[in-house]
Amino acid sequence: MREKCGEFLLEGARPVEEAAARRLKLEKVVVSETFFQDGVDLIEKLCLSELSVVDDRTFKELHGTASSCGIIGVAMIPTFVPRDIFDGNDPLIVVCDGIQDPGNLGTIVRSAYAAGAAGILLTSGSVDPYNPKVVRSAVGALFDMPVLHDLTAARCLKLLEDHRITGWICDAGGDTRYSDADFCGPTAVILGNEARGVSDEFSPSSFGSLTIPMRAGSESLNVGVSAGIILCEAYRQRQGLRSIKDQL
């Protein structure tokens, strides 16, 4: 339905405010009567051309989460093309292969944005990046992050190959400690499905494989946490390289 309409929901004051601050086109905003009375400062800040106010009971029926937040926005889904991600110098790309949990994807989007990633590639079978739960957990980062989604693994691989991107697969049994990997050139961090890992198409023979050392007997980290650790290391290395270049 989101793809057909070209629109997605923003549930809560913070996503709506973040979207407006980033000049994302808000098609409509609906608020409860209580929010209309109590949230007047935010409503004025949004400078809306159209605002719908409904009674609190009706709003609770509209809202998708258990606790009513009082405000829902409808925004246009942004469209991106490969050059939006690959045209920069030495891009850091995040590939999500079949990530299905909205909270995990939202966390990955936040981490990718914090690490200065150029964009995200999502394979078919991944959760919709504009699912309301992803939007909420990404906390605004999604609005600044180019995303290409519903790609086949073959299409992802072709994009990486065409742009000469070196890839690292994240794998609990990987050969290389994440802190020993080189993230300074054009690099892709490839994250797999929560249960099965990456698809067979992303062959370890074509990419390096990363592991995060952990205490013996520990349960493996979920993909969102793992992505945050690895992408923070990528950011550290790339900032260090930039500092060295600035001194030359």
# chains A, B, ... in the order shown; residues from 1 in each chain; ligands from 1
>>> residues_around(residues="A:Arg136", least_positions_apart="5", cutoff="12 Å", atoms="only C-alpha atoms", output="PDB file with C-alpha atoms, in the first residue's frame")
ATOM      1  CA  PHE A   8       4.271   6.771   4.571  1.00  0.00           C
ATOM      2  CA  LEU A   9       3.206   7.478   8.145  1.00  0.00           C
ATOM      3  CA  LEU A  10       5.093   9.443  10.775  1.00  0.00           C
ATOM      4  CA  GLU A  11       3.759   8.508  14.193  1.00  0.00           C
ATOM      5  CA  GLY A  12       4.594  10.840  17.048  1.00  0.00           C
ATOM      6  CA  ALA A  13       5.831  14.365  17.574  1.00  0.00           C
ATOM      7  CA  ARG A  14       9.529  13.686  17.076  1.00  0.00           C
ATOM      8  CA  PRO A  15       9.312  11.957  13.658  1.00  0.00           C
ATOM      9  CA  VAL A  16       6.956  14.670  12.384  1.00  0.00           C
ATOM     10  CA  GLU A  17       9.238  17.431  13.680  1.00  0.00           C
ATOM     11  CA  GLU A  18      12.369  15.752  12.279  1.00  0.00           C
ATOM     12  CA  ALA A  19      10.725  15.331   8.874  1.00  0.00           C
ATOM     13  CA  GLY A  64      -0.852   2.059  15.154  1.00  0.00           C
ATOM     14  CA  THR A  65       0.772   1.784  18.599  1.00  0.00           C
ATOM     15  CA  CYS A  69       1.012   9.999  20.793  1.00  0.00           C
ATOM     16  CA  ILE A  72       0.372  11.508  12.867  1.00  0.00           C
ATOM     17  CA  PRO A 102      11.804  -3.189  12.129  1.00  0.00           C
ATOM     18  CA  GLY A 103      13.693  -2.303  15.312  1.00  0.00           C
ATOM     19  CA  ASN A 104      16.885  -3.825  13.944  1.00  0.00           C
ATOM     20  CA  LEU A 105      16.596  -1.953  10.658  1.00  0.00           C
ATOM     21  CA  GLY A 106      15.865   1.321  12.438  1.00  0.00           C
ATOM     22  CA  THR A 107      18.954   0.815  14.612  1.00  0.00           C
ATOM     23  CA  VAL A 109      19.827   3.211   9.805  1.00  0.00           C
ATOM     24  CA  ARG A 110      20.762   5.295  12.866  1.00  0.00           C
ATOM     25  CA  PRO A 129      12.205   0.892   5.412  1.00  0.00           C
ATOM     26  CA  TYR A 130       9.126   3.123   5.691  1.00  0.00           C
ATOM     27  CA  ASN A 131       7.305   0.793   8.060  1.00  0.00           C
ATOM     28  CA  ALA A 141      18.143   9.389  10.473  1.00  0.00           C
ATOM     29  CA  LEU A 142      16.035   7.779   7.734  1.00  0.00           C
ATOM     30  CA  PHE A 143      15.179  11.211   6.350  1.00  0.00           C
TER      31      PHE A 143
END
>>> select_by_dssp(residues="stretch 9-225 of chain A", states="helix (DSSP H, G or I)", output="ChimeraX atom specification")
/A:13-21,33-38,40-46,56-62,82-86,102-114,132-138,141-144,153-162,178-180,223-225
>>> write_last_selection(atoms="C-alpha atoms", output="compact mmCIF listing (two decimals), in the first residue's frame")
# COMPACT_ATOMS: atom_id res chain seq x y z
CA ALA A 13 5.83 14.36 17.57
CA ARG A 14 9.53 13.69 17.08
CA PRO A 15 9.31 11.96 13.66
CA VAL A 16 6.96 14.67 12.38
CA GLU A 17 9.24 17.43 13.68
CA GLU A 18 12.37 15.75 12.28
CA ALA A 19 10.73 15.33 8.87
CA ALA A 20 9.67 18.97 8.75
CA ALA A 21 13.13 20.13 9.83
CA GLU A 33 -8.02 17.29 20.31
CA THR A 34 -5.78 16.94 23.36
CA PHE A 35 -2.62 17.34 21.29
CA PHE A 36 -4.15 20.34 19.51
CA GLN A 37 -4.55 22.03 22.89
CA ASP A 38 -1.23 20.95 24.44
CA VAL A 40 0.39 24.28 20.02
CA ASP A 41 4.11 25.24 19.96
CA LEU A 42 5.01 22.32 17.70
CA ILE A 43 1.97 22.87 15.48
CA GLU A 44 2.97 26.50 14.93
CA LYS A 45 6.58 25.51 14.24
CA LEU A 46 5.49 23.10 11.50
CA ASP A 56 -9.22 11.58 21.07
CA ARG A 57 -11.24 8.39 20.64
CA THR A 58 -11.10 8.56 16.85
CA PHE A 59 -7.37 9.30 16.97
CA LYS A 60 -6.71 6.16 19.06
CA GLU A 61 -8.46 4.11 16.37
CA LEU A 62 -6.20 5.66 13.72
CA PRO A 82 22.31 4.63 -7.40
CA ARG A 83 24.29 7.81 -8.02
CA ASP A 84 22.79 9.29 -4.83
CA ILE A 85 24.77 6.63 -2.95
CA PHE A 86 27.78 5.79 -5.10
CA PRO A 102 11.80 -3.19 12.13
CA GLY A 103 13.69 -2.30 15.31
CA ASN A 104 16.88 -3.83 13.94
CA LEU A 105 16.60 -1.95 10.66
CA GLY A 106 15.86 1.32 12.44
CA THR A 107 18.95 0.82 14.61
CA ILE A 108 21.05 0.04 11.53
CA VAL A 109 19.83 3.21 9.81
CA ARG A 110 20.76 5.30 12.87
CA SER A 111 24.19 3.67 13.06
CA ALA A 112 24.78 4.10 9.33
CA TYR A 113 23.93 7.79 9.55
CA ALA A 114 26.15 8.27 12.61
CA PRO A 132 6.18 3.03 10.97
CA LYS A 133 8.23 1.00 13.47
CA VAL A 134 11.37 1.49 11.37
CA VAL A 135 10.65 5.21 11.06
CA ARG A 136 10.24 5.55 14.82
CA SER A 137 13.35 3.56 15.74
CA ALA A 138 15.49 5.37 13.16
CA ALA A 141 18.14 9.39 10.47
CA LEU A 142 16.04 7.78 7.73
CA PHE A 143 15.18 11.21 6.35
CA ASP A 144 18.86 11.94 5.64
CA ALA A 153 21.06 -9.94 -4.30
CA ALA A 154 22.35 -10.03 -7.88
CA ARG A 155 21.50 -6.34 -8.32
CA CYS A 156 23.28 -5.44 -5.08
CA LEU A 157 26.36 -7.36 -6.16
CA LYS A 158 26.34 -5.70 -9.59
CA LEU A 159 26.17 -2.23 -8.01
CA LEU A 160 29.09 -3.04 -5.70
CA GLU A 161 31.11 -4.52 -8.54
CA ASP A 162 30.42 -1.65 -10.93
CA TYR A 178 36.25 -6.17 12.96
CA SER A 179 38.93 -3.91 14.44
CA ASP A 180 41.55 -5.41 12.09
CA VAL A 223 22.29 -7.63 13.96
CA GLY A 224 21.42 -4.09 15.04
CA VAL A 225 23.98 -4.09 17.86
>>> residues_around(residues="A:Asp182", least_positions_apart="2", cutoff="12 Å", atoms="only C-alpha atoms", output="JSON list (two decimals) with C-alpha atoms, in the first residue's frame")
[["chain", "number", "residue", "atom", "x", "y", "z"],
["A", 92, "LEU", "CA", 30.73, 3.51, 2.94],
["A", 166, "THR", "CA", 35.14, -3.96, -1.29],
["A", 167, "GLY", "CA", 32.74, -5.86, 0.93],
["A", 168, "TRP", "CA", 32.84, -7.27, 4.46],
["A", 176, "THR", "CA", 38.80, -11.18, 10.63],
["A", 177, "ARG", "CA", 38.33, -9.22, 13.82],
["A", 178, "TYR", "CA", 36.25, -6.17, 12.96],
["A", 179, "SER", "CA", 38.93, -3.91, 14.44],
["A", 180, "ASP", "CA", 41.55, -5.41, 12.09],
["A", 184, "CYS", "CA", 39.00, 3.37, 4.68],
["A", 185, "GLY", "CA", 38.40, 2.78, 0.97],
["A", 186, "PRO", "CA", 35.12, 2.26, -0.89],
["A", 187, "THR", "CA", 33.59, -0.30, 1.45],
["A", 188, "ALA", "CA", 30.35, -2.23, 1.96],
["A", 189, "VAL", "CA", 29.31, -3.69, 5.30],
["A", 208, "GLY", "CA", 36.04, -10.73, 3.70],
["A", 209, "SER", "CA", 34.14, -11.90, 6.79],
["A", 210, "LEU", "CA", 34.11, -10.05, 10.10],
["A", 230, "ILE", "CA", 31.27, -2.33, 13.24],
["A", 231, "LEU", "CA", 30.09, 0.97, 11.77],
["A", 233, "GLU", "CA", 34.90, 1.29, 13.96],
["A", 234, "ALA", "CA", 34.53, 2.24, 10.28],
["A", 235, "TYR", "CA", 33.84, 5.83, 11.30],
["A", 236, "ARG", "CA", 36.85, 5.89, 13.63],
["A", 237, "GLN", "CA", 39.18, 4.66, 10.89],
["A", 238, "ARG", "CA", 37.82, 6.98, 8.24],
["A", 241, "LEU", "CA", 42.48, 8.88, 7.71]]
>>> closest_residue(among="A:Asp55, A:Glu201, A:Asp87, A:Glu27", to="A:Thr123", atoms="only C-alpha atoms")
A:Glu201
>>> atom_distance(atom1="atom CA of A:Val94", atom2="atom CA of A:Ile120")
4.8 Å
>>> select_by_dssp(residues="stretch 1-233 of chain A", states="strand (DSSP E)", output="PyMOL selection string")
chain A and resi 7-11+26-32+51-54+71-76+92-97+119-123+147-151+166-170+176-177+187-192+208-211
